[in-house]
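K.L.:
My structure is in final_26.cif, and what it holds is mmCIF, C-alpha atoms and all ligand atoms:
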```cif
data_entry
loop_
_atom_site.label_atom_id
_atom_site.label_comp_id
_atom_site.auth_asym_id
_atom_site.auth_seq_id
_atom_site.Cartn_x
_atom_site.Cartn_y
_atom_site.Cartn_z
CA MET I 1 -8.38 306.39 54.86
CA ARG I 2 -7.07 306.95 51.35
CA ARG I 3 -10.38 306.14 49.69
CA THR I 4 -11.77 308.32 47.03
CA ASP I 5 -14.89 308.73 45.03
CA ARG I 6 -13.01 310.44 42.18
CA PRO I 7 -13.22 308.85 38.73
CA GLY I 8 -11.10 305.71 38.68
CA GLY I 9 -10.41 305.96 42.41
CA GLY I 10 -12.58 303.40 44.18
CA SER I 11 -10.85 301.86 47.15
CA TRP I 12 -7.56 300.92 45.52
CA ALA I 13 -4.37 300.95 47.53
CA PRO I 14 -2.19 304.04 47.06
CA ARG I 15 0.26 302.26 44.75
CA THR I 16 -2.53 301.33 42.39
CA GLN I 17 -4.01 304.80 42.56
CA ALA I 18 -0.61 306.33 41.83
CA VAL I 19 -0.59 304.46 38.53
CA HIS I 20 -4.24 304.67 37.49
CA ALA I 21 -6.36 307.17 39.41
CA GLY I 22 -7.79 310.06 37.46
CA ALA I 23 -6.78 308.68 34.06
CA ARG I 24 -8.92 309.93 31.19
CA ARG I 25 -8.76 308.35 27.76
CA SER I 26 -9.71 309.98 24.49
CA GLN I 27 -11.54 308.23 21.64
CA TYR I 28 -8.18 306.69 20.65
CA GLY I 29 -7.81 304.70 23.86
CA GLU I 30 -4.18 305.72 24.38
CA VAL I 31 -2.33 303.86 27.16
CA ALA I 32 -0.15 306.73 28.34
CA GLU I 33 -2.03 309.85 29.38
CA ALA I 34 -2.50 312.33 26.53
CA ILE I 35 -1.10 315.84 26.91
CA HIS I 36 -4.00 318.13 26.15
CA LEU I 37 -1.83 321.09 25.25
CA THR I 38 -4.71 323.44 24.59
CA GLN I 39 -5.74 326.64 26.31
CA GLY I 40 -9.30 326.56 24.99
CA PHE I 41 -12.16 324.22 24.11
CA VAL I 42 -14.67 324.28 21.25
CA TYR I 43 -18.43 324.23 21.92
CA SER I 44 -20.86 322.45 19.60
CA SER I 45 -23.20 325.46 19.60
CA ALA I 46 -23.67 328.89 21.10
CA GLU I 47 -26.23 327.33 23.43
CA ALA I 48 -23.66 324.75 24.57
CA ALA I 49 -21.14 327.53 25.30
CA GLU I 50 -23.74 329.41 27.32
CA ALA I 51 -24.71 326.29 29.26
CA ARG I 52 -21.10 325.49 30.12
CA PHE I 53 -20.51 328.98 31.50
CA VAL I 54 -23.60 328.54 33.68
CA GLU I 55 -22.35 325.25 35.04
CA ALA I 56 -19.44 323.10 33.86
CA GLY I 57 -19.24 319.43 34.81
CA ARG I 58 -15.96 317.92 35.97
CA ASP I 59 -15.09 316.88 32.41
CA GLU I 60 -16.43 319.97 30.67
CA PHE I 61 -13.70 322.52 30.17
CA ILE I 62 -13.79 326.23 29.35
CA TYR I 63 -10.27 327.60 29.48
CA ALA I 64 -7.03 326.10 30.75
CA ARG I 65 -6.73 328.72 33.49
CA TYR I 66 -9.92 327.15 34.94
CA GLY I 67 -9.11 323.53 34.15
CA ASN I 68 -7.78 321.14 31.51
CA PRO I 69 -8.18 317.36 31.04
CA THR I 70 -4.51 316.53 31.73
CA VAL I 71 -4.46 318.83 34.74
CA ALA I 72 -7.75 317.31 35.99
CA ALA I 73 -6.19 313.84 35.79
CA PHE I 74 -3.31 315.05 37.96
CA GLU I 75 -5.71 316.67 40.45
CA ASP I 76 -7.79 313.52 40.71
CA ARG I 77 -4.73 311.29 41.14
CA MET I 78 -3.34 313.48 43.93
CA ALA I 79 -6.74 313.62 45.68
CA ALA I 80 -7.05 309.82 45.43
CA LEU I 81 -3.60 309.34 46.95
CA GLU I 82 -4.18 311.77 49.80
CA GLY I 83 -7.74 310.62 50.48
CA THR I 84 -9.38 314.00 49.91
CA GLU I 85 -12.51 314.62 47.85
CA ASP I 86 -10.91 317.03 45.43
CA GLY I 87 -7.85 319.03 44.47
CA PHE I 88 -6.77 322.09 42.48
CA ALA I 89 -3.41 322.02 40.68
CA THR I 90 -1.25 325.13 40.59
CA ALA I 91 1.75 326.46 38.71
CA SER I 92 4.11 325.86 41.64
CA GLY I 93 4.09 324.92 45.30
CA MET I 94 4.09 328.59 46.23
CA ALA I 95 1.08 329.27 43.98
CA ALA I 96 -0.67 326.60 46.05
CA VAL I 97 0.41 328.03 49.43
CA SER I 98 -0.34 331.66 48.54
CA GLY I 99 -3.51 330.74 46.65
CA ALA I 100 -4.92 328.70 49.52
CA LEU I 101 -4.14 331.35 52.14
CA MET I 102 -5.33 334.30 50.05
CA ALA I 103 -8.50 332.49 48.95
CA MET I 104 -9.56 331.62 52.49
CA THR I 105 -8.81 334.86 54.37
CA ARG I 106 -9.95 338.46 54.34
CA ALA I 107 -9.04 341.63 56.25
CA GLY I 108 -9.65 341.21 59.98
CA ASP I 109 -9.02 337.46 59.97
CA HIS I 110 -6.43 335.82 62.20
CA VAL I 111 -4.03 333.04 61.22
CA VAL I 112 -1.63 331.13 63.49
CA ALA I 113 1.47 329.63 61.88
CA ALA I 114 4.44 327.61 62.96
CA ARG I 115 7.60 329.72 62.84
CA ALA I 116 9.82 327.11 61.19
CA LEU I 117 8.78 327.44 57.56
CA PHE I 118 10.15 327.39 54.03
CA GLY I 119 11.40 330.94 53.30
CA SER I 120 8.72 331.74 50.72
CA CYS I 121 5.91 330.46 52.96
CA LEU I 122 7.20 332.79 55.66
CA TYR I 123 7.16 335.66 53.15
CA VAL I 124 3.53 335.00 52.19
CA LEU I 125 2.42 334.91 55.83
CA GLU I 126 4.60 337.74 57.14
CA GLU I 127 4.66 340.15 54.20
CA VAL I 128 1.65 339.41 51.98
CA LEU I 129 -1.29 338.40 54.20
CA THR I 130 -0.52 341.15 56.71
CA ARG I 131 -0.50 343.75 53.90
CA PHE I 132 -4.17 342.92 53.35
CA GLY I 133 -5.14 343.20 57.01
CA VAL I 134 -4.83 339.57 58.09
CA ALA I 135 -3.23 339.22 61.53
CA VAL I 136 -0.66 336.43 61.74
CA SER I 137 0.76 334.98 64.98
CA PHE I 138 3.86 332.77 64.88
CA VAL I 139 4.51 330.00 67.38
CA ASP I 140 7.07 327.30 68.06
CA GLY I 141 5.25 324.54 66.20
CA THR I 142 6.56 321.78 68.45
CA ASP I 143 5.07 323.38 71.60
CA PRO I 144 1.31 322.64 71.95
CA GLU I 145 1.06 325.28 74.70
CA GLN I 146 2.11 328.00 72.27
CA TRP I 147 -0.55 326.87 69.79
CA ARG I 148 -3.13 326.83 72.60
CA ALA I 149 -2.19 330.35 73.66
CA ALA I 150 -2.19 331.78 70.12
CA ILE I 151 -5.38 330.21 68.72
CA ARG I 152 -8.41 332.25 69.71
CA PRO I 153 -12.13 332.07 68.97
CA GLY I 154 -12.46 333.31 65.40
CA THR I 155 -8.98 332.22 64.31
CA LYS I 156 -9.57 331.42 60.65
CA ALA I 157 -6.74 328.98 59.98
CA VAL I 158 -3.59 327.43 61.30
CA PHE I 159 -0.71 326.85 58.88
CA LEU I 160 2.20 324.52 59.39
CA GLU I 161 4.81 322.40 57.69
CA SER I 162 4.26 319.00 59.26
CA VAL I 163 8.02 318.42 59.01
CA SER I 164 9.84 321.73 58.81
CA ASN I 165 12.40 322.93 56.32
CA PRO I 166 15.34 322.79 56.92
CA THR I 167 15.65 321.62 60.54
CA LEU I 168 13.14 318.74 60.30
CA GLU I 169 11.05 319.57 63.34
CA VAL I 170 8.00 317.31 63.42
CA ILE I 171 4.74 318.92 64.53
CA ASP I 172 2.09 316.91 66.37
CA LEU I 173 -0.63 317.39 63.79
CA ALA I 174 -3.43 315.70 65.73
CA ALA I 175 -2.78 317.88 68.79
CA VAL I 176 -2.71 321.11 66.76
CA ALA I 177 -5.79 320.07 64.77
CA ALA I 178 -7.76 319.42 67.98
CA LEU I 179 -6.95 322.93 69.26
CA ALA I 180 -7.71 324.51 65.89
CA HIS I 181 -11.02 322.71 65.43
CA GLU I 182 -12.14 323.65 68.93
CA ALA I 183 -11.81 327.29 67.83
CA GLY I 184 -13.42 326.66 64.43
CA ALA I 185 -10.15 327.16 62.52
CA LEU I 186 -9.17 325.20 59.42
CA VAL I 187 -5.89 323.24 59.51
CA VAL I 188 -3.72 323.91 56.47
CA VAL I 189 -0.69 321.64 56.14
CA ASP I 190 2.26 322.09 53.78
CA ASN I 191 3.20 318.42 53.60
CA VAL I 192 6.20 318.45 51.24
CA PHE I 193 8.73 316.81 53.56
CA VAL I 194 6.30 314.04 54.56
CA THR I 195 5.52 313.29 50.88
CA PRO I 196 2.18 311.82 49.73
CA VAL I 197 3.71 308.36 50.29
CA TYR I 198 4.04 308.77 54.06
CA SER I 199 1.16 311.17 54.67
CA ARG I 200 -1.68 310.51 57.10
CA ALA I 201 -2.55 314.19 57.25
CA VAL I 202 -6.29 313.85 56.65
CA SER I 203 -6.82 311.18 59.30
CA LEU I 204 -4.79 313.31 61.74
CA GLY I 205 -7.14 316.27 61.22
CA ALA I 206 -5.79 318.31 58.32
CA ASP I 207 -8.54 320.11 56.39
CA VAL I 208 -6.33 321.34 53.56
CA VAL I 209 -3.16 319.56 52.40
CA ILE I 210 -0.69 321.31 50.11
CA TYR I 211 2.19 319.86 48.11
CA SER I 212 4.89 321.37 45.99
CA ALA I 213 4.82 318.74 43.23
CA THR I 214 8.21 320.10 42.17
CA LYS I 215 9.75 317.87 44.83
CA HIS I 216 9.03 314.13 45.23
CA VAL I 217 6.05 314.04 42.86
CA ASP I 218 8.19 314.96 39.86
CA GLY I 219 11.19 313.41 41.58
CA GLN I 220 13.45 314.13 38.66
CA GLY I 221 13.91 317.87 38.93
CA ARG I 222 12.13 318.82 35.71
CA CYS I 223 9.20 321.08 36.34
CA LEU I 224 7.32 323.17 38.87
CA GLY I 225 3.88 322.32 40.15
CA GLY I 226 1.70 322.39 43.21
CA VAL I 227 -1.66 321.17 44.45
CA ILE I 228 -4.25 322.17 47.05
CA LEU I 229 -6.26 319.20 48.39
CA GLY I 230 -9.44 319.30 50.46
CA THR I 231 -13.18 318.76 50.48
CA ARG I 232 -15.10 319.29 47.25
CA GLU I 233 -16.93 322.20 48.84
CA PHE I 234 -13.66 323.90 49.84
CA ILE I 235 -11.84 323.26 46.55
CA ARG I 236 -14.69 324.20 44.22
CA GLY I 237 -16.29 326.82 46.47
CA THR I 238 -13.27 328.65 47.91
CA ILE I 239 -10.14 327.70 45.95
CA GLU I 240 -11.33 327.40 42.35
CA PRO I 241 -12.97 330.86 42.09
CA TYR I 242 -9.82 332.51 43.45
CA MET I 243 -7.33 330.47 41.43
CA LYS I 244 -9.15 330.63 38.12
CA HIS I 245 -9.36 334.42 38.21
CA THR I 246 -5.85 335.08 39.56
CA GLY I 247 -4.00 332.87 37.11
CA GLY I 248 -1.90 330.39 39.07
CA ALA I 249 -2.95 327.43 36.89
CA MET I 250 -0.73 324.41 36.22
CA SER I 251 0.52 323.92 32.66
CA PRO I 252 -0.94 320.78 30.98
CA PHE I 253 2.58 319.77 29.97
CA ASN I 254 3.74 319.92 33.59
CA ALA I 255 0.64 317.97 34.67
CA TRP I 256 1.64 315.24 32.22
CA VAL I 257 5.23 315.11 33.53
CA LEU I 258 3.92 315.00 37.10
CA LEU I 259 1.38 312.24 36.30
CA ASN I 260 4.31 310.16 35.08
CA GLY I 261 6.26 311.09 38.20
CA LEU I 262 3.40 309.81 40.36
CA THR I 263 3.52 306.35 38.80
CA THR I 264 6.99 305.75 40.30
CA MET I 265 6.82 308.03 43.36
CA GLU I 266 6.16 305.31 45.93
CA LEU I 267 9.12 303.19 44.79
CA ARG I 268 11.42 306.21 44.63
CA VAL I 269 10.46 307.67 48.00
CA ARG I 270 10.73 304.36 49.85
CA ALA I 271 14.15 303.67 48.30
CA GLN I 272 15.36 307.19 49.04
CA ALA I 273 14.07 307.02 52.62
CA ALA I 274 15.79 303.67 53.22
CA THR I 275 19.08 305.18 52.05
CA ALA I 276 18.47 308.29 54.18
CA GLN I 277 17.92 306.08 57.25
CA ARG I 278 21.12 304.17 56.51
CA LEU I 279 23.14 307.38 56.04
CA ALA I 280 21.71 308.96 59.19
CA GLU I 281 22.62 305.92 61.27
CA ALA I 282 26.13 305.79 59.80
CA LEU I 283 26.78 309.53 60.27
CA GLU I 284 25.30 309.92 63.76
CA GLY I 285 28.04 310.77 66.23
CA HIS I 286 30.59 311.66 63.53
CA PRO I 287 33.20 313.92 65.18
CA LYS I 288 32.85 316.62 62.49
CA LEU I 289 29.11 316.96 63.20
CA ALA I 290 27.73 319.15 65.98
CA ARG I 291 24.22 317.82 65.33
CA LEU I 292 22.39 315.56 62.92
CA PHE I 293 18.65 315.84 62.30
CA PHE I 294 16.61 312.98 60.88
CA PRO I 295 13.12 311.99 62.07
CA GLY I 296 14.00 308.29 61.71
CA LEU I 297 16.68 308.46 64.43
CA LYS I 298 15.75 307.67 68.04
CA SER I 299 17.74 310.76 69.04
CA HIS I 300 15.38 313.05 67.09
CA PRO I 301 13.40 315.16 69.62
CA GLN I 302 10.06 314.28 67.98
CA HIS I 303 10.93 310.71 66.96
CA ALA I 304 7.82 309.30 68.67
CA VAL I 305 5.46 311.82 67.07
CA SER I 306 7.12 311.19 63.73
CA LYS I 307 6.62 307.43 64.01
CA SER I 308 2.99 307.81 64.99
CA GLN I 309 2.05 310.17 62.17
CA MET I 310 4.30 309.24 59.24
CA ASP I 311 4.56 305.88 57.53
CA GLY I 312 8.31 306.45 57.03
CA PRO I 313 11.15 308.78 58.00
CA GLY I 314 11.32 310.93 54.85
CA THR I 315 14.19 311.50 52.48
CA ILE I 316 15.86 314.60 53.96
CA LEU I 317 18.61 314.89 56.58
CA ALA I 318 20.16 317.99 58.07
CA LEU I 319 23.80 317.99 59.17
CA ASP I 320 25.22 320.71 61.39
CA LEU I 321 28.98 320.82 60.87
CA GLN I 322 31.44 321.85 63.55
CA GLY I 323 33.34 324.90 62.29
CA GLY I 324 30.46 326.92 60.83
CA LYS I 325 30.29 328.28 57.31
CA ASP I 326 33.93 327.53 56.39
CA ALA I 327 33.55 323.87 57.31
CA ALA I 328 30.14 323.65 55.58
CA PHE I 329 31.55 325.16 52.39
CA ARG I 330 34.62 322.86 52.45
CA PHE I 331 32.23 319.92 52.88
CA LEU I 332 29.98 321.05 50.00
CA ASN I 333 32.90 321.76 47.69
CA ALA I 334 34.42 318.34 48.36
CA LEU I 335 31.27 316.40 47.40
CA GLN I 336 31.72 314.29 44.27
CA ILE I 337 28.32 312.67 43.77
CA VAL I 338 25.99 314.92 45.76
CA LEU I 339 25.13 318.10 43.86
CA ILE I 340 25.12 321.59 45.33
CA SER I 341 21.64 322.87 44.51
CA ASN I 342 18.44 323.81 46.30
CA ASN I 343 15.75 321.44 45.07
CA LEU I 344 14.80 318.38 47.11
CA GLY I 345 13.07 315.08 46.52
CA ASP I 346 15.09 314.61 43.31
CA ALA I 347 16.54 311.27 42.16
CA ARG I 348 19.91 313.03 42.41
CA SER I 349 21.19 313.67 45.92
CA ILE I 350 21.36 317.40 46.60
CA ALA I 351 23.04 319.41 49.36
CA THR I 352 21.97 322.94 50.30
CA HIS I 353 23.46 325.53 52.66
CA PRO I 354 20.24 327.20 53.91
CA ALA I 355 21.92 330.11 55.74
CA THR I 356 23.41 331.49 52.52
CA THR I 357 20.76 330.39 50.01
CA THR I 358 17.15 329.43 50.75
CA HIS I 359 17.03 331.29 54.08
CA GLN I 360 19.60 334.01 53.26
CA ARG I 361 17.12 336.89 53.57
CA LEU I 362 16.23 336.10 57.20
CA PRO I 363 17.81 338.34 59.86
CA ALA I 364 20.49 336.64 61.98
CA ALA I 365 18.26 336.51 65.07
CA GLN I 366 15.51 334.73 63.17
CA LYS I 367 17.97 332.22 61.70
CA ALA I 368 19.25 331.53 65.21
CA GLN I 369 15.69 331.05 66.49
CA LEU I 370 15.02 328.53 63.69
CA GLY I 371 18.24 326.63 64.28
CA ILE I 372 19.64 327.65 60.89
CA THR I 373 23.28 327.83 61.89
CA GLU I 374 26.22 328.65 59.62
CA GLY I 375 27.25 324.99 59.73
CA LEU I 376 23.86 323.58 58.70
CA VAL I 377 23.64 321.59 55.46
CA ARG I 378 20.36 320.11 54.21
CA LEU I 379 20.81 316.85 52.38
CA SER I 380 18.12 315.50 50.08
CA VAL I 381 18.89 311.84 49.52
CA GLY I 382 18.47 310.55 45.97
CA LEU I 383 18.40 307.19 44.26
CA GLU I 384 22.15 306.58 44.02
CA ASP I 385 23.75 303.55 45.65
CA ALA I 386 23.82 303.96 49.45
CA ASP I 387 27.45 302.85 49.79
CA ASP I 388 28.58 305.30 47.13
CA LEU I 389 26.73 308.11 48.88
CA LEU I 390 28.13 307.18 52.27
CA ALA I 391 31.67 307.13 50.87
CA ASP I 392 31.10 310.54 49.27
CA LEU I 393 29.77 312.06 52.49
CA MET I 394 32.60 310.54 54.57
CA GLN I 395 35.34 311.90 52.32
CA ALA I 396 33.66 315.31 52.24
CA LEU I 397 33.45 315.32 56.06
CA ASP I 398 37.17 314.52 56.15
CA ALA I 399 37.78 317.51 53.90
CA ALA I 400 35.65 319.74 56.15
C1 LIG T 1 9.67 323.77 47.78
C2 LIG T 1 8.69 324.04 48.84
C3 LIG T 1 7.65 324.94 48.62
C4 LIG T 1 7.50 325.72 47.33
O1 LIG T 1 7.33 324.93 46.20
P1 LIG T 1 7.68 325.45 44.71
O2 LIG T 1 7.17 324.37 43.85
O3 LIG T 1 9.17 325.64 44.66
O4 LIG T 1 6.97 326.74 44.53
C5 LIG T 1 6.75 325.16 49.65
N1 LIG T 1 6.86 324.53 50.82
C6 LIG T 1 7.87 323.64 51.06
C7 LIG T 1 7.94 322.98 52.40
C8 LIG T 1 8.80 323.38 50.09
O5 LIG T 1 9.80 322.51 50.33
#
```
As C-alpha cells, what does this structure read like?
P.N.:
Amino acid sequence: MRRTDRPGGGSWAPRTQAVHAGARRSQYGEVAEAIHLTQGFVYSSAEAAEARFVEAGRDEFIYARYGNPTVAAFEDRMAALEGTEDGFATASGMAAVSGALMAMTRAGDHVVAARALFGSCLYVLEEVLTRFGVAVSFVDGTDPEQWRAAIRPGTKAVFLESVSNPTLEVIDLAAVAALAHEAGALVVVDNVFVTPVYSRAVSLGADVVIYSATKHVDGQGRCLGGVILGTREFIRGTIEPYMKHTGGAMSPFNAWVLLNGLTTMELRVRAQAATAQRLAEALEGHPKLARLFFPGLKSHPQHAVSKSQMDGPGTILALDLQGGKDAAFRFLNALQIVLISNNLGDARSIATHPATTTHQRLPAAQKAQLGITEGLVRLSVGLEDADDLLADLMQALDAA
C-alpha cells in the first residue's frame, strides 16, 4: 500500500523510505542531502532554456517557485511514505490546504466539509472559497448520514481532518470516501493528527492527502512546511500550475530540515504515542477532569474506527478540566516541563488552551458546537520521560 515508483522508492518499508526515498546526490556523492539554496538554474544554451520551458523533466529545474532539487527530494520522500504517485511541497500547511482547495475549485462548485477543523482551515473554507463563489456545506464529520445528505451529484470535493483538532473526533474515512466517490467528488484529507507514520488514508479512499510538515515531520519546532500528495495527474496537472504561479513554494532550506526530520519521524512518533497512551490511561477518571479525549482509549466514541484506520493512537490528548477557564489557566501556569505554546508534534510536550488561542476567533455558539469548552486543554506529547510528564501533569492538576 505504501509502494512508490518515485526515484529511490521501490517497495521499501516506510522506515527505509523515510531515510532514503527521494535522495538525490550531486557529482560529489555527499551522504547527507545537499541544500540547493538557489532560486534559479543555469542553462547550457538558449536552446536548452527554451526546451526546458516547453517541458521540464522531474530533475530539470527552472525557478525555485516551480521546483528545486532539495524540495523535490522532500516531495518524493513524502509521496513514498504515503504511497501516492507524487507530491507538491508548500511554504506551510495552510499553503497546502488553501492551495489544494483553490486549485481544484471554481465558482459554482460545491464542497462538503467536516465542521470540526483547525481554525485556519475553517477560515479558508468559510471565508475564502465562498468569496469566489464556491458553495460550502458543513456537517458533523462523525455522522455518515449528514455526509450522505450534504453530498450531491456534482459535489466537487469533500474536505476533512481525519482526526480533528482539538477534540480528536475520528472520522470514518472509508465510509465518507464511498459516499463522495459515488457522487464523483474527490476526498481531500488533512491528515496532520494521524501523522504519516499511522496513515492508511490512500487505502481508505483518500484522493488527496495534506500534511502540515511543521508538526511531526519536523518534530523539533523549527520551520514551517506543508505538502499536497496525490496522483501524478492531479499534482502536476491541477496543483503545480496553481502553486507555481501563486507563490506558495517551500524554501529549500526548510525542505532540508524536513528531510532530516523524516529520517527520525517514525521513532519519534511511536515513542510519543506510547507515552500519550500511558498518560491517557493514567489520567482517565481523574477527579479534576470532566472529560478526556484520546483515540487510544476504549472510552473514546470512535475508538473502533480509530483502531481500524490508524496504525496507532496518535500523540495528542485533550483534557477538559472541571472549573472552566480559571482551572485550565491554573493548570497551564503550574506546568513545569510541558510548555505553553500552540505547535504540536514537537519533541517538547506542549499544552494549548484552544478557546483563548487557536480557536479564539470562533463565536461562542460555534465553540460550543465543536466541544471547545473553556476548560479544554490540548496536550501534544513530546519525547520526555513518561514518568516525569505524568508527575508534571498530576501536580498541575492538583494546582487546578
Ligand atoms: C497546524 C495545522 C495546519 C496548518 O499548518 P501550518 O504549517 O501551521 O500552516 C493545518 N491543519 C492542521 C490539522 C494543523 O494541525
K.L.:
Counting all atoms listed in the file, what are the residues, protein, DNA or RNA alike, that approach ligand LIG 1 (chain T) to within 6 Å? I want them as JSON, numbers by chain.
P.N.:
{"I": [92, 93, 94, 118, 165, 190, 192, 212, 214, 224, 225, 226]}
K.L.:
Give me a file of those residues, with C-alpha atoms, as a CSV table (one decimal), in the coordinates of the input.
P.N.:
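That gives us out12.csv:
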```csv
chain,number,residue,atom,x,y,z
I,92,SER,CA,4.1,325.9,41.6
I,93,GLY,CA,4.1,324.9,45.3
I,94,MET,CA,4.1,328.6,46.2
I,118,PHE,CA,10.2,327.4,54.0
I,165,ASN,CA,12.4,322.9,56.3
I,190,ASP,CA,2.3,322.1,53.8
I,192,VAL,CA,6.2,318.4,51.2
I,212,SER,CA,4.9,321.4,46.0
I,214,THR,CA,8.2,320.1,42.2
I,224,LEU,CA,7.3,323.2,38.9
I,225,GLY,CA,3.9,322.3,40.2
I,226,GLY,CA,1.7,322.4,43.2
```
K.L.:
Need the shell around Val194 (chain I): protein/DNA/RNA residues with any atom at most 10 Å away, counting only C-alpha atoms. Skip same-chain ones fewer than 3 positions apart. Format as a list in words?
P.N.:
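Contacts, with the query itself left out: Glu161, Ser162, Val163, Ser164, Val170, Asp190, Asn191, Val197, Tyr198, Ser199, Arg200, Ala201, Tyr211, His216, Ser306, Gln309, Met310, Asp311, Gly312, Pro313, Gly314, Thr315 and Ile316 of chain I.
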K.L.:
With distances taken over only C-alpha atoms, which residue among I:Pro196, I:Gly205, I:Gly285, I:Gly237 lies nearest Phe88 (chain I)?
P.N.:
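Comparing I:Pro196, I:Gly205, I:Gly285, I:Gly237 against Phe88 (chain I), the winner is I:Gly237.
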K.L.:
Could you give me, as a tab-separated table (two decimals) with C-alpha atoms, keeping the file's coordinate frame, the residues within 8 Å of region 144-150 of chain I, counting all atoms listed in the file and dropping anything in the same chain fewer than 4 positions from it?
P.N.:
```tsv
chain	number	residue	atom	x	y	z
I	112	VAL	CA	-1.63	331.13	63.49
I	137	SER	CA	0.76	334.98	64.98
I	139	VAL	CA	4.51	330.00	67.38
I	140	ASP	CA	7.07	327.30	68.06
I	175	ALA	CA	-2.78	317.88	68.79
I	176	VAL	CA	-2.71	321.11	66.76
I	179	LEU	CA	-6.95	322.93	69.26
```
K.L.:
Could you check which of I:Lys215, I:Arg65, I:Arg106, I:Arg24 is closest to Leu262 (chain I), using only C-alpha atoms?
P.N.:
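Checking each candidate against Leu262 (chain I), we get I:Lys215 as the closest.
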K.L.:
Go through I:Glu182, I:Thr356, I:Val381, I:Ala334 and flag the residue nearest Arg278 (chain I), using all atoms listed in the file for the distances.
P.N.:
I:Val381
K.L.:
Find, counting only C-alpha atoms, the residue in I:Ile340, I:Leu379, I:Glu169, I:Asp387 that gets nearest to Pro295 (chain I).
P.N.:
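Nearest to Pro295 (chain I): I:Glu169.
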K.L.:
With a distance cut-off of 10 Å and all atoms listed in the file, select the neighbouring residues of Arg330 (chain I), excluding the residue or stretch itself and same-chain residues fewer than 5 positions from it, and output the selection as a PyMOL selection string.
P.N.:
chain I and resi 325+335+396-400
K.L.:
May I ask which of the residues I:Val305, I:Ala51, I:Ala386, I:Leu129 is the closest one to Leu204 (chain I), counting all atoms listed in the file?
P.N.:
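Of all the options, I:Val305 lies closest to Leu204 (chain I).
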K.L.:
Point out the residue among I:Ala351, I:Leu344, I:Ala276, I:Leu258 with the least atom-to-atom distance to Ala328 (chain I), counting all atoms listed in the file.
P.N.:
I:Ala351
K.L.:
Please identify all polymer residues within 12 Å of Val187 (chain I), counting only C-alpha atoms, omitting same-chain residues fewer than 3 positions from it, and present them as a PyMOL selection string.
P.N.:
chain I and resi 100-101+104+111-114+151+155-162+173-184+190-191+201-202+204-210+229-230
K.L.:
In Å, how far is it from CA of Phe138 (chain I) to CA of Thr167 (chain I)?
P.N.:
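Going from CA of Phe138 (chain I) over to CA of Thr167 (chain I) covers 16.8 Å.
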K.L.:
Take region 169-173 of chain I, model all heavy atoms, and hand the result over as a PDB file, in the frame of the given file.
P.N.:
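So the final result, stored in selection_30.pdb, reads:
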```
ATOM      1  N   GLU I 169      11.915 319.676  62.154  1.00  0.00           N
ATOM      2  CA  GLU I 169      11.050 319.570  63.340  1.00  0.00           C
ATOM      3  C   GLU I 169       9.760 318.887  62.902  1.00  0.00           C
ATOM      4  O   GLU I 169       9.227 319.196  61.836  1.00  0.00           O
ATOM      5  CB  GLU I 169      10.672 320.960  63.852  1.00  0.00           C
ATOM      6  CG  GLU I 169      11.770 321.681  64.562  1.00  0.00           C
ATOM      7  CD  GLU I 169      11.324 323.079  65.000  1.00  0.00           C
ATOM      8  OE1 GLU I 169      10.120 323.419  64.853  1.00  0.00           O
ATOM      9  OE2 GLU I 169      12.188 323.814  65.468  1.00  0.00           O
ATOM     10  N   VAL I 170       9.253 318.000  63.750  1.00  0.00           N
ATOM     11  CA  VAL I 170       8.000 317.310  63.420  1.00  0.00           C
ATOM     12  C   VAL I 170       6.908 317.856  64.334  1.00  0.00           C
ATOM     13  O   VAL I 170       7.060 317.857  65.559  1.00  0.00           O
ATOM     14  CB  VAL I 170       8.140 315.789  63.594  1.00  0.00           C
ATOM     15  CG1 VAL I 170       6.843 315.087  63.201  1.00  0.00           C
ATOM     16  CG2 VAL I 170       9.297 315.263  62.749  1.00  0.00           C
ATOM     17  N   ILE I 171       5.828 318.337  63.741  1.00  0.00           N
ATOM     18  CA  ILE I 171       4.740 318.920  64.530  1.00  0.00           C
ATOM     19  C   ILE I 171       3.662 317.873  64.770  1.00  0.00           C
ATOM     20  O   ILE I 171       3.305 317.111  63.866  1.00  0.00           O
ATOM     21  CB  ILE I 171       4.171 320.154  63.798  1.00  0.00           C
ATOM     22  CG1 ILE I 171       5.257 321.232  63.765  1.00  0.00           C
ATOM     23  CG2 ILE I 171       2.896 320.639  64.454  1.00  0.00           C
ATOM     24  CD1 ILE I 171       4.859 322.503  63.070  1.00  0.00           C
ATOM     25  N   ASP I 172       3.149 317.850  65.996  1.00  0.00           N
ATOM     26  CA  ASP I 172       2.090 316.910  66.370  1.00  0.00           C
ATOM     27  C   ASP I 172       0.781 317.407  65.757  1.00  0.00           C
ATOM     28  O   ASP I 172       0.061 318.221  66.336  1.00  0.00           O
ATOM     29  CB  ASP I 172       2.011 316.849  67.903  1.00  0.00           C
ATOM     30  CG  ASP I 172       1.031 315.787  68.374  1.00  0.00           C
ATOM     31  OD1 ASP I 172       0.140 315.391  67.587  1.00  0.00           O
ATOM     32  OD2 ASP I 172       1.159 315.362  69.539  1.00  0.00           O
ATOM     33  N   LEU I 173       0.496 316.892  64.576  1.00  0.00           N
ATOM     34  CA  LEU I 173      -0.630 317.390  63.790  1.00  0.00           C
ATOM     35  C   LEU I 173      -1.966 317.167  64.491  1.00  0.00           C
ATOM     36  O   LEU I 173      -2.826 318.057  64.517  1.00  0.00           O
ATOM     37  CB  LEU I 173      -0.596 316.697  62.421  1.00  0.00           C
ATOM     38  CG  LEU I 173      -1.537 317.186  61.346  1.00  0.00           C
ATOM     39  CD1 LEU I 173      -1.474 318.687  61.186  1.00  0.00           C
ATOM     40  CD2 LEU I 173      -1.187 316.494  60.035  1.00  0.00           C
TER      41      LEU I 173
END
```
